[in-house]
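What follows is protein-v8.txt (compact mmCIF, C-alpha atoms).
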# COMPACT_ATOMS: atom_id res chain seq x y z
CA MET A 1 -14.84 1.47 -12.89
CA ALA A 2 -12.58 4.25 -11.66
CA ALA A 3 -8.82 3.81 -12.09
CA PRO A 4 -7.02 2.92 -8.86
CA LEU A 5 -5.50 5.80 -6.91
CA THR A 6 -1.75 5.36 -7.29
CA GLU A 7 0.75 7.00 -4.96
CA ILE A 8 4.52 6.75 -4.67
CA HIS A 9 5.82 7.38 -1.15
CA VAL A 10 9.47 8.31 -0.73
CA GLY A 11 11.03 8.35 2.73
CA ARG A 12 14.56 9.68 2.97
CA ALA A 13 16.86 9.20 5.95
CA PRO A 14 20.64 9.53 6.16
CA GLY A 15 22.18 6.82 4.01
CA GLU A 16 18.96 5.30 2.66
CA ARG A 17 15.85 5.89 0.60
CA ARG A 18 12.67 3.86 1.09
CA VAL A 19 10.18 3.88 -1.78
CA ALA A 20 6.68 2.42 -1.60
CA LEU A 21 4.07 2.02 -4.33
CA LEU A 22 0.45 2.09 -3.14
CA ARG A 23 -2.66 1.45 -5.22
CA ASP A 24 -5.95 2.31 -3.51
CA GLY A 25 -4.03 2.36 -0.24
CA VAL A 26 -2.62 -1.18 -0.63
CA LEU A 27 1.15 -1.64 -0.67
CA GLN A 28 2.08 -3.12 -4.06
CA GLY A 29 5.78 -2.36 -4.36
CA PHE A 30 8.73 -1.56 -2.12
CA ARG A 31 12.38 -0.80 -2.68
CA LEU A 32 15.10 -0.04 -0.16
CA GLU A 33 17.91 1.95 -1.78
CA ARG A 34 21.30 2.95 -0.44
CA PRO A 35 22.27 6.02 -2.53
CA GLY A 36 25.89 5.66 -1.41
CA ARG A 37 25.93 2.15 -2.91
CA PRO A 38 23.58 2.14 -5.90
CA ASP A 39 22.93 -1.21 -7.59
CA GLY A 40 23.84 0.38 -10.92
CA VAL A 41 20.82 -0.74 -12.92
CA GLY A 42 20.25 1.72 -15.76
CA ASP A 43 23.68 3.33 -15.40
CA VAL A 44 25.74 3.96 -18.53
CA VAL A 45 29.43 3.23 -17.92
CA ARG A 46 32.56 2.86 -19.98
CA GLY A 47 33.90 -0.67 -19.82
CA ARG A 48 36.52 -2.84 -21.47
CA VAL A 49 36.15 -6.23 -23.10
CA VAL A 50 38.51 -8.62 -21.30
CA ALA A 51 37.50 -12.04 -22.68
CA VAL A 52 35.35 -13.04 -25.64
CA MET A 53 33.61 -16.36 -24.95
CA PRO A 54 32.00 -17.78 -28.12
CA ALA A 55 30.83 -20.87 -26.20
CA LEU A 56 28.80 -18.60 -23.94
CA SER A 57 27.63 -16.34 -26.79
CA GLY A 58 29.03 -13.34 -24.98
CA ALA A 59 32.01 -11.60 -23.48
CA PHE A 60 33.24 -10.71 -20.04
CA VAL A 61 33.83 -7.00 -19.50
CA GLU A 62 35.58 -4.94 -16.85
CA LEU A 63 33.45 -2.16 -15.38
CA PRO A 64 34.54 0.95 -13.42
CA GLY A 65 36.01 0.05 -10.05
CA GLY A 66 37.30 -3.28 -11.34
CA GLU A 67 33.92 -5.02 -11.19
CA SER A 68 33.07 -7.57 -13.86
CA GLY A 69 30.06 -7.89 -16.14
CA PHE A 70 28.75 -10.09 -18.93
CA LEU A 71 27.84 -8.76 -22.38
CA PRO A 72 25.58 -11.19 -24.32
CA ALA A 73 26.00 -11.24 -28.09
CA ASN A 74 22.32 -10.34 -28.54
CA GLU A 75 23.00 -7.05 -26.73
CA THR A 76 25.50 -5.90 -29.37
CA GLU A 77 24.98 -4.36 -32.79
CA ALA A 78 24.45 -7.08 -35.39
CA ARG A 79 25.21 -9.65 -32.66
CA ARG A 80 28.94 -9.10 -33.24
CA LEU A 81 31.10 -9.18 -30.12
CA PRO A 82 33.86 -6.55 -30.07
CA PRO A 83 37.46 -7.83 -29.82
CA GLU A 84 39.29 -8.09 -26.51
CA GLY A 85 40.68 -4.79 -25.30
CA THR A 86 37.86 -2.71 -26.83
CA ARG A 87 36.62 0.14 -24.63
CA LEU A 88 32.96 0.95 -25.17
CA PRO A 89 29.88 2.42 -23.42
CA LEU A 90 27.64 -0.11 -21.70
CA ARG A 91 24.27 0.06 -20.00
CA ILE A 92 23.77 -2.09 -16.90
CA LEU A 93 20.65 -4.23 -17.34
CA ARG A 94 20.84 -6.41 -14.23
CA ALA A 95 22.62 -5.98 -10.92
CA ALA A 96 25.43 -8.29 -9.91
CA GLN A 97 24.43 -11.34 -7.87
CA GLY A 98 26.19 -13.92 -5.71
CA GLY A 99 29.58 -13.83 -7.38
CA LYS A 100 28.14 -13.27 -10.87
CA GLY A 101 28.80 -9.93 -12.53
CA ALA A 102 26.23 -7.48 -13.82
CA ARG A 103 24.56 -8.13 -17.18
CA VAL A 104 25.17 -5.28 -19.63
CA SER A 105 24.18 -4.09 -23.09
CA ALA A 106 26.23 -2.34 -25.75
CA ARG A 107 23.08 -0.95 -27.37
CA VAL A 108 23.66 2.56 -26.06
CA ALA A 109 24.81 5.87 -27.53
CA ASP A 110 28.37 6.88 -26.74
CA LEU A 111 28.99 9.67 -24.25
CA PRO A 112 32.22 11.53 -23.52
CA GLY A 113 34.17 10.65 -20.40
CA GLU A 114 35.33 7.68 -18.40
CA GLY A 115 33.88 5.64 -15.53
CA VAL A 116 30.17 6.19 -14.88
CA LEU A 117 28.85 8.25 -17.80
CA ALA A 118 25.22 8.59 -16.67
CA ARG A 119 23.19 7.35 -13.72
CA GLY A 120 19.99 5.43 -14.27
CA PRO A 121 16.75 6.56 -12.62
CA ASP A 122 16.02 5.58 -9.03
CA GLN A 123 12.90 3.57 -8.15
CA ALA A 124 10.68 6.59 -7.49
CA LEU A 125 11.36 7.94 -10.98
CA ARG A 126 10.94 4.50 -12.57
CA TRP A 127 7.52 4.09 -10.98
CA ALA A 128 6.60 7.70 -11.80
CA ALA A 129 7.29 6.94 -15.47
CA GLN A 130 5.31 3.68 -15.28
CA PHE A 131 2.34 5.37 -13.56
CA PRO A 132 2.13 8.90 -14.99
CA GLU A 133 -1.03 9.62 -13.00
CA ALA A 134 0.60 8.84 -9.64
CA ARG A 135 1.22 11.42 -6.95
CA VAL A 136 4.65 11.36 -5.35
CA LEU A 137 4.94 12.18 -1.64
CA THR A 138 8.17 12.68 0.28
CA ASP A 139 9.21 13.88 3.72
CA SER A 140 12.52 15.37 2.56
CA PRO A 141 12.91 18.90 1.11
CA ALA A 142 16.07 17.73 -0.68
CA GLU A 143 14.20 14.78 -2.21
CA LEU A 144 11.34 17.07 -3.16
CA ALA A 145 13.70 19.38 -5.06
CA ARG A 146 15.29 16.41 -6.83
CA LEU A 147 11.95 14.86 -7.78
CA ARG A 148 10.37 18.12 -8.90
CA ALA A 149 13.26 18.68 -11.31
CA THR A 150 11.82 15.76 -13.29
CA LEU A 151 8.20 15.45 -12.16
CA GLY A 152 7.19 19.05 -11.50
CA PRO A 153 4.11 19.56 -9.27
CA ARG A 154 3.35 15.82 -9.15
CA ALA A 155 5.80 15.68 -6.23
CA SER A 156 4.80 17.21 -2.91
CA LEU A 157 5.97 17.36 0.69
CA ALA A 158 4.01 15.11 3.06
CA PRO A 159 4.67 12.36 5.61
CA PRO A 160 5.07 9.26 3.39
CA PHE A 161 4.74 6.49 5.99
CA ASP A 162 2.02 6.24 8.62
CA ASP A 163 2.22 3.70 11.46
CA ALA A 164 0.34 1.02 9.53
CA LEU A 165 2.62 1.31 6.52
CA GLU A 166 5.72 1.32 8.73
CA THR A 167 4.50 -1.88 10.37
CA GLU A 168 3.91 -3.57 7.02
CA ILE A 169 7.31 -2.55 5.69
CA GLU A 170 9.01 -3.76 8.86
CA ALA A 171 7.32 -7.14 8.37
CA LEU A 172 9.07 -7.48 5.00
CA HIS A 173 12.35 -7.82 6.90
CA GLY A 174 11.26 -11.19 8.37
CA PRO A 175 10.37 -14.59 6.90
CA ALA A 176 6.80 -14.96 8.18
CA VAL A 177 3.72 -13.29 6.69
CA ALA A 178 0.48 -13.56 8.67
CA LEU A 179 -2.60 -14.21 6.55
CA GLU A 180 -5.90 -12.55 7.30
CA GLY A 181 -8.17 -15.04 9.03
CA GLY A 182 -5.36 -17.38 10.10
CA GLY A 183 -2.39 -19.19 8.66
CA ARG A 184 0.86 -17.73 7.36
CA LEU A 185 3.44 -17.79 4.61
CA ILE A 186 7.01 -18.73 5.51
CA ILE A 187 9.52 -17.37 2.98
CA SER A 188 12.98 -18.98 2.97
CA PRO A 189 15.51 -17.54 0.50
CA LEU A 190 18.37 -19.99 -0.16
CA PRO A 191 21.46 -19.62 -2.37
CA ALA A 192 19.97 -21.71 -5.19
CA LEU A 193 16.25 -20.96 -4.83
CA THR A 194 13.51 -19.49 -2.64
CA ALA A 195 11.13 -21.87 -0.86
CA VAL A 196 7.72 -20.59 0.26
CA ASP A 197 5.56 -22.69 2.56
CA VAL A 198 1.89 -22.15 3.40
CA ASP A 199 1.28 -23.00 7.07
CA SER A 200 -2.43 -23.42 7.77
CA GLY A 201 -1.95 -23.11 11.53
CA GLY A 202 -4.77 -25.59 12.10
CA ALA A 203 -7.27 -23.73 9.92
CA ASP A 204 -9.04 -25.22 6.89
CA PRO A 205 -6.27 -25.72 4.27
CA ALA A 206 -8.59 -24.91 1.36
CA VAL A 207 -9.54 -21.55 2.90
CA VAL A 208 -5.95 -20.71 3.86
CA ASN A 209 -4.60 -21.59 0.40
CA ALA A 210 -7.21 -19.38 -1.27
CA ARG A 211 -5.96 -16.45 0.81
CA ALA A 212 -2.30 -17.42 0.52
CA ILE A 213 -1.96 -17.47 -3.26
CA PRO A 214 -2.63 -13.75 -3.98
CA GLU A 215 -0.57 -12.77 -0.92
CA PHE A 216 2.29 -14.97 -2.11
CA ALA A 217 2.30 -13.16 -5.46
CA ARG A 218 2.25 -9.78 -3.71
CA GLN A 219 5.07 -10.71 -1.32
CA MET A 220 7.16 -11.94 -4.24
CA ARG A 221 6.92 -8.47 -5.80
CA LEU A 222 7.37 -6.57 -2.53
CA ARG A 223 10.53 -8.51 -1.64
CA ASP A 224 11.76 -8.58 -5.26
CA LEU A 225 12.34 -12.34 -5.06
CA ALA A 226 14.23 -13.73 -8.06
CA GLY A 227 15.50 -16.98 -9.52
CA PRO A 228 13.77 -20.36 -8.99
CA ILE A 229 10.83 -20.13 -6.56
CA LEU A 230 8.94 -23.11 -5.13
CA LEU A 231 5.52 -22.77 -3.47
CA ASP A 232 4.25 -25.53 -1.15
CA VAL A 233 0.59 -25.01 -0.30
CA ALA A 234 -1.04 -26.41 2.84
CA GLY A 235 -2.30 -30.01 2.76
CA LEU A 236 -4.25 -31.26 -0.30
CA THR A 237 -3.58 -34.13 -2.66
CA THR A 238 -1.73 -33.61 -5.93
CA ARG A 239 -5.06 -33.48 -7.81
CA GLN A 240 -6.46 -30.93 -5.36
CA ARG A 241 -3.31 -28.86 -5.74
CA ALA A 242 -3.64 -28.89 -9.52
CA ALA A 243 -7.07 -27.27 -9.10
CA LEU A 244 -5.29 -24.22 -7.63
CA GLU A 245 -3.32 -23.54 -10.81
CA PRO A 246 -5.86 -21.12 -12.38
CA ALA A 247 -5.83 -18.98 -9.21
CA LEU A 248 -2.04 -19.00 -9.10
CA ARG A 249 -1.74 -18.09 -12.78
CA ALA A 250 -4.18 -15.22 -12.26
CA ALA A 251 -2.25 -13.94 -9.23
CA LEU A 252 1.02 -14.03 -11.18
CA GLY A 253 -0.50 -12.47 -14.28
CA GLY A 254 0.39 -8.89 -13.45
CA ASP A 255 4.08 -9.66 -12.92
CA SER A 256 5.98 -9.53 -16.21
CA LEU A 257 9.12 -10.91 -14.55
CA VAL A 258 7.56 -14.28 -13.66
CA GLU A 259 7.61 -17.43 -15.77
CA TYR A 260 5.27 -20.09 -14.35
CA LEU A 261 6.71 -23.58 -14.90
CA GLY A 262 3.94 -25.78 -13.51
CA LEU A 263 3.21 -28.23 -10.71
CA GLY A 264 6.26 -30.44 -10.16
CA PRO A 265 6.41 -34.13 -9.25
CA LEU A 266 6.81 -33.31 -5.55
CA GLY A 267 3.55 -31.37 -5.53
CA LEU A 268 5.32 -27.99 -5.47
CA PHE A 269 4.36 -25.11 -7.74
CA GLU A 270 7.47 -24.07 -9.68
CA MET A 271 8.23 -20.71 -11.21
CA ARG A 272 11.17 -18.54 -12.13
CA ARG A 273 11.34 -14.78 -11.64
CA ARG A 274 13.80 -12.69 -13.61
CA ARG A 275 16.30 -10.75 -11.55
CA ILE A 276 16.95 -7.07 -12.23
CA HIS A 277 17.59 -5.50 -8.83
CA PRO A 278 18.94 -7.27 -5.72
CA PRO A 279 16.13 -8.85 -3.66
CA LEU A 280 15.32 -7.19 -0.35
CA HIS A 281 16.91 -10.00 1.67
CA GLU A 282 20.22 -9.35 -0.11
CA VAL A 283 20.03 -5.62 0.62
CA LEU A 284 19.42 -6.47 4.28
CA ALA A 285 22.07 -9.20 4.44
CA ASP A 286 24.57 -6.86 6.10
CA GLN A 287 22.80 -6.87 9.44
CA ALA A 288 25.29 -4.50 11.05
CA LEU A 289 24.60 -1.87 8.41
CA ALA A 290 20.84 -2.42 8.57
CA GLN A 291 20.91 -1.96 12.34
CA GLY A 292 23.13 1.10 12.07
CA LEU A 293 20.87 2.78 9.51
CA ALA A 294 17.79 2.09 11.65
CA LEU A 295 19.54 3.80 14.59
CA LEU A 296 20.64 6.64 12.33
CA ARG A 297 17.05 7.10 11.18
CA GLN A 298 15.93 7.22 14.82
CA ALA A 299 18.59 9.80 15.68
CA ALA A 300 17.55 11.96 12.72
CA ARG A 301 13.89 11.86 13.80
CA GLU A 302 14.73 12.86 17.35
CA ALA A 303 17.06 15.62 16.19
CA ALA A 304 14.38 16.97 13.83
CA ALA A 305 11.89 17.13 16.71
CA ALA A 306 14.33 19.19 18.81
CA PRO A 307 16.85 20.95 16.52
CA ALA A 308 19.04 22.12 19.38
CA ARG A 309 19.73 18.57 20.58
CA ARG A 310 23.04 16.91 19.85
CA MET A 311 22.64 13.16 19.56
CA ALA A 312 24.87 10.18 20.28
CA LEU A 313 24.53 6.74 18.74
CA HIS A 314 25.67 3.83 20.93
CA ALA A 315 26.27 0.47 19.23
CA PRO A 316 28.72 -2.43 18.89
CA ALA A 317 31.92 -1.71 16.98
CA ARG A 318 30.81 -3.64 13.88
CA VAL A 319 27.69 -1.47 13.59
CA LEU A 320 29.68 1.77 13.92
CA GLU A 321 32.22 0.58 11.34
CA ALA A 322 29.42 -0.30 8.90
CA LEU A 323 28.02 3.22 9.22
CA ARG A 324 31.43 4.82 8.73
CA ALA A 325 32.00 2.70 5.62
CA LEU A 326 28.75 3.73 3.89
CA PRO A 327 29.56 6.75 1.71
CA GLY A 328 27.65 9.88 2.65
CA ALA A 329 25.48 8.53 5.47
CA LEU A 330 27.04 10.35 8.44
CA GLU A 331 27.72 13.42 6.32
CA GLU A 332 24.05 13.54 5.33
CA TYR A 333 23.02 13.35 8.97
CA ALA A 334 25.31 16.26 9.86
CA GLU A 335 24.02 18.34 6.94
CA ASP A 336 20.36 17.69 7.82
CA THR A 337 20.69 18.31 11.57
CA ARG A 338 23.57 20.83 11.51
CA HIS A 339 25.30 18.73 14.17
CA GLU A 340 27.82 15.92 14.05
CA LEU A 341 26.54 12.60 15.40
CA ALA A 342 28.65 11.19 18.22
CA LEU A 343 29.43 7.50 17.71
CA ARG A 344 30.14 5.55 20.88
CA GLU A 345 30.96 1.88 21.18
CA ALA A 346 28.55 0.00 23.46
CA ALA A 347 27.09 -3.47 23.79
CA GLN A 348 23.51 -2.18 23.87
CA PRO A 349 22.38 -0.17 20.79
CA GLU A 350 20.56 3.06 21.63
CA VAL A 351 20.29 6.72 20.73
CA THR A 352 20.76 9.30 23.48
CA ASP A 353 21.66 12.93 24.00
CA ALA A 354 25.37 13.49 23.41
Using structure tokens, write down the structure that the file contains.
Amino acid sequence: MAAPLTEIHVGRAPGERRVALLRDGVLQGFRLERPGRPDGVGDVVRGRVVAVMPALSGAFVELPGGESGFLPANETEARRLPPEGTRLPLRILRAAQGGKGARVSARVADLPGEGVLARGPDQALRWAAQFPEARVLTDSPAELARLRATLGPRASLAPPFDDALETEIEALHGPAVALEGGGRLIISPLPALTAVDVDSGGADPAVVNARAIPEFARQMRLRDLAGPILLDVAGLTTRQRAALEPALRAALGGDSLVEYLGLGPLGLFEMRRRRIHPPLHEVLADQALAQGLALLRQAAREAAAAPARRMALHAPARVLEALRALPGALEEYAEDTRHELALREAAQPEVTDA
């Protein structure tokens, strides 16, 4: 059997980078990155130990910018925590989450300097290393130059997102996932866990569940869901639900971040997925910024189609402020289009000629 055709599609717009992993044309991974606000995973920084906590088998550290992190003892040489006040290089293993600091490791070579000593790879480069046979396609000459510096001719200039892929990516922004042949998944991220419900929509529950399980596993990867996850399938008795376990285990088998915990007493399938990067719903939680970047992407497309046009972006004040606060976004637009973007406060968001 031939190996699946693997492609990494990189779409760049002012203030954001969208990266999609496709295998035989099927979307298998997605990451929305804000280069002006990287999540820090993989970065090497110089930090300072501020509190050693033997009861927690670790220490709290201060990272550049005053952010906090946690250094487990098993991420230090010989499992010995350095004394308070020690300054040392640290690699960020997991992004910060919900009031909890980043998880870091001291198992890293020292580098000269202060603050951020080295940036970790972005998602396109991580997937390119994981799939060395993959082609990398991007619509941005600047991205192409950056990628070719590491990947050489594997990276090429081409439209990365057709209408079908755009539609599928847009659907990741919402809670409902339509299933082929009827029924849907409803994904509800909560502060303590993520609940996923299979809604049969009146169709045969057995048929809908058979379709839902592999799609659930795929959506979990696409959205980068993390922490406790509960799956409630449609209908069925507890014994009938237990018969679905082999299919669920098989669907989860390709995801090294998932630990399957079993069928709980309430008839819900329970699992836990390790967090590394922020889930997509957290990236999109700032709705004003998400709306502003979508408008900025529209303005950039229209300006590219007619380079002489000067564009204006009309939006509520909170959307304009979110754009102004994102480092580099408006500057990137001006550099790409050779025109400043006029920002105008308005109740109805739209992009027009200036």
Write out as CSV the residues of region 200-303 of chain A that have any atom within 12 Å of an atom of region 78-100 of chain A, one row each with the nearest atom pair and its distance in Å to one decimal, counting all atoms listed in the file, sorted by chain and then rising number.
residue,atom,partner,partner_atom,distance
A:Ala226,CA,A:Gln97,CA,10.5
A:Gly227,CA,A:Gln97,CA,10.7
A:Arg274,CA,A:Arg94,CA,9.5
A:Arg275,CA,A:Arg94,CA,6.8
A:Ile276,CA,A:Arg94,CA,4.4
A:His277,CA,A:Ala95,CA,5.5
A:Pro278,CA,A:Ala95,CA,6.5
A:Pro279,CA,A:Gln97,CA,9.6
A:Glu282,CA,A:Gln97,CA,9.0
A:Val283,CA,A:Gln97,CA,11.1
A:Ala285,CA,A:Gly98,CA,11.9
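Of the listed residues A:Glu340, A:Asp224, A:Glu7, A:Glu215, the one whose atoms come nearest to Ala134 (chain A) is A:Glu7, with distances taken using all atoms listed in the file.
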Please provide as a PyMOL selection string all residues within 8 Å of region 313-329 of chain A, with the sequence filter that same-chain residues fewer than 2 positions apart are discarded (counting all atoms listed in the file). chain A and resi 14-16+36-37+288-289+291-293+295-296+299+311+331-333+341-352
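With all atoms listed in the file as the basis for measurement, A:Gln219 is the residue among A:Pro307, A:Leu244, A:Gln130, A:Gln219 that approaches Glu168 (chain A) most closely.
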What lies within 12 Å of Arg12 (chain A) using only C-alpha atoms, ignoring chain neighbours under 3 positions off, as a PDB file with C-alpha atoms, keeping the file's coordinate frame?
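The result, written out as around_15.pdb:
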ATOM      1  CA  HIS A   9       5.820   7.380  -1.150  1.00  0.00           C
ATOM      2  CA  GLY A  15      22.180   6.820   4.010  1.00  0.00           C
ATOM      3  CA  GLU A  16      18.960   5.300   2.660  1.00  0.00           C
ATOM      4  CA  ARG A  17      15.850   5.890   0.600  1.00  0.00           C
ATOM      5  CA  ARG A  18      12.670   3.860   1.090  1.00  0.00           C
ATOM      6  CA  VAL A  19      10.180   3.880  -1.780  1.00  0.00           C
ATOM      7  CA  ALA A  20       6.680   2.420  -1.600  1.00  0.00           C
ATOM      8  CA  LEU A  32      15.100  -0.040  -0.160  1.00  0.00           C
ATOM      9  CA  GLU A  33      17.910   1.950  -1.780  1.00  0.00           C
ATOM     10  CA  ARG A  34      21.300   2.950  -0.440  1.00  0.00           C
ATOM     11  CA  PRO A  35      22.270   6.020  -2.530  1.00  0.00           C
ATOM     12  CA  ALA A 124      10.680   6.590  -7.490  1.00  0.00           C
ATOM     13  CA  LEU A 137       4.940  12.180  -1.640  1.00  0.00           C
ATOM     14  CA  THR A 138       8.170  12.680   0.280  1.00  0.00           C
ATOM     15  CA  ASP A 139       9.210  13.880   3.720  1.00  0.00           C
ATOM     16  CA  SER A 140      12.520  15.370   2.560  1.00  0.00           C
ATOM     17  CA  PRO A 141      12.910  18.900   1.110  1.00  0.00           C
ATOM     18  CA  ALA A 142      16.070  17.730  -0.680  1.00  0.00           C
ATOM     19  CA  GLU A 143      14.200  14.780  -2.210  1.00  0.00           C
ATOM     20  CA  LEU A 144      11.340  17.070  -3.160  1.00  0.00           C
ATOM     21  CA  ARG A 146      15.290  16.410  -6.830  1.00  0.00           C
ATOM     22  CA  LEU A 157       5.970  17.360   0.690  1.00  0.00           C
ATOM     23  CA  ALA A 158       4.010  15.110   3.060  1.00  0.00           C
ATOM     24  CA  PRO A 159       4.670  12.360   5.610  1.00  0.00           C
ATOM     25  CA  PRO A 160       5.070   9.260   3.390  1.00  0.00           C
ATOM     26  CA  PHE A 161       4.740   6.490   5.990  1.00  0.00           C
ATOM     27  CA  LEU A 293      20.870   2.780   9.510  1.00  0.00           C
ATOM     28  CA  ALA A 294      17.790   2.090  11.650  1.00  0.00           C
ATOM     29  CA  LEU A 296      20.640   6.640  12.330  1.00  0.00           C
ATOM     30  CA  ARG A 297      17.050   7.100  11.180  1.00  0.00           C
ATOM     31  CA  ALA A 300      17.550  11.960  12.720  1.00  0.00           C
ATOM     32  CA  ARG A 301      13.890  11.860  13.800  1.00  0.00           C
ATOM     33  CA  ALA A 329      25.480   8.530   5.470  1.00  0.00           C
ATOM     34  CA  GLU A 332      24.050  13.540   5.330  1.00  0.00           C
ATOM     35  CA  TYR A 333      23.020  13.350   8.970  1.00  0.00           C
ATOM     36  CA  ASP A 336      20.360  17.690   7.820  1.00  0.00           C
TER      37      ASP A 336
END
If we count all atoms listed in the file and set the cut-off at 10 Å, which residues sit around Phe70 (chain A), ignoring sequence neighbours fewer than 5 positions away in its own chain? Please answer as a ChimeraX atom specification. /A:49,51-53,56,58-63,92,94,96,100-105
Please output region 8-15 of chain A, rebuilt to include all heavy atoms, as a short mmCIF file (atom, residue, chain, number, x, y, z; two decimals), keeping the file's coordinate frame.
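Written output follows (part.cif):
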data_model
loop_
_atom_site.label_atom_id
_atom_site.label_comp_id
_atom_site.auth_asym_id
_atom_site.auth_seq_id
_atom_site.Cartn_x
_atom_site.Cartn_y
_atom_site.Cartn_z
N ILE A 8 3.14 7.19 -4.90
CA ILE A 8 4.52 6.75 -4.67
C ILE A 8 5.02 7.50 -3.45
O ILE A 8 5.04 8.74 -3.44
CB ILE A 8 5.40 7.05 -5.90
CG1 ILE A 8 4.86 6.31 -7.12
CG2 ILE A 8 6.86 6.67 -5.62
CD1 ILE A 8 5.37 6.84 -8.44
N HIS A 9 5.38 6.78 -2.41
CA HIS A 9 5.82 7.38 -1.15
C HIS A 9 7.33 7.21 -1.02
O HIS A 9 7.84 6.09 -1.13
CB HIS A 9 5.11 6.72 0.03
CG HIS A 9 3.63 6.97 0.06
ND1 HIS A 9 2.90 6.94 1.23
CD2 HIS A 9 2.74 7.27 -0.92
CE1 HIS A 9 1.62 7.19 0.95
NE2 HIS A 9 1.51 7.38 -0.35
N VAL A 10 8.02 8.32 -0.78
CA VAL A 10 9.47 8.31 -0.73
C VAL A 10 9.92 8.83 0.64
O VAL A 10 9.71 10.00 0.96
CB VAL A 10 10.09 9.19 -1.84
CG1 VAL A 10 11.61 9.08 -1.83
CG2 VAL A 10 9.53 8.79 -3.20
N GLY A 11 10.50 7.95 1.43
CA GLY A 11 11.03 8.35 2.73
C GLY A 11 12.55 8.41 2.66
O GLY A 11 13.19 7.43 2.25
N ARG A 12 13.11 9.54 3.03
CA ARG A 12 14.56 9.68 2.97
C ARG A 12 15.11 9.84 4.39
O ARG A 12 14.59 10.61 5.19
CB ARG A 12 14.96 10.91 2.12
CG ARG A 12 16.46 11.08 1.91
CD ARG A 12 17.03 9.90 1.13
NE ARG A 12 18.47 9.90 1.12
CZ ARG A 12 19.23 10.38 0.15
NH1 ARG A 12 18.65 10.94 -0.91
NH2 ARG A 12 20.54 10.31 0.21
N ALA A 13 16.13 9.09 4.70
CA ALA A 13 16.86 9.20 5.95
C ALA A 13 18.33 9.12 5.60
O ALA A 13 18.69 8.67 4.52
CB ALA A 13 16.46 8.09 6.92
N PRO A 14 19.21 9.57 6.49
CA PRO A 14 20.64 9.53 6.16
C PRO A 14 21.08 8.14 5.72
O PRO A 14 20.90 7.16 6.42
CB PRO A 14 21.30 9.94 7.48
CG PRO A 14 20.30 10.83 8.13
CD PRO A 14 18.97 10.22 7.80
N GLY A 15 21.63 8.06 4.52
CA GLY A 15 22.18 6.82 4.01
C GLY A 15 21.20 5.91 3.30
O GLY A 15 21.62 4.90 2.71
#
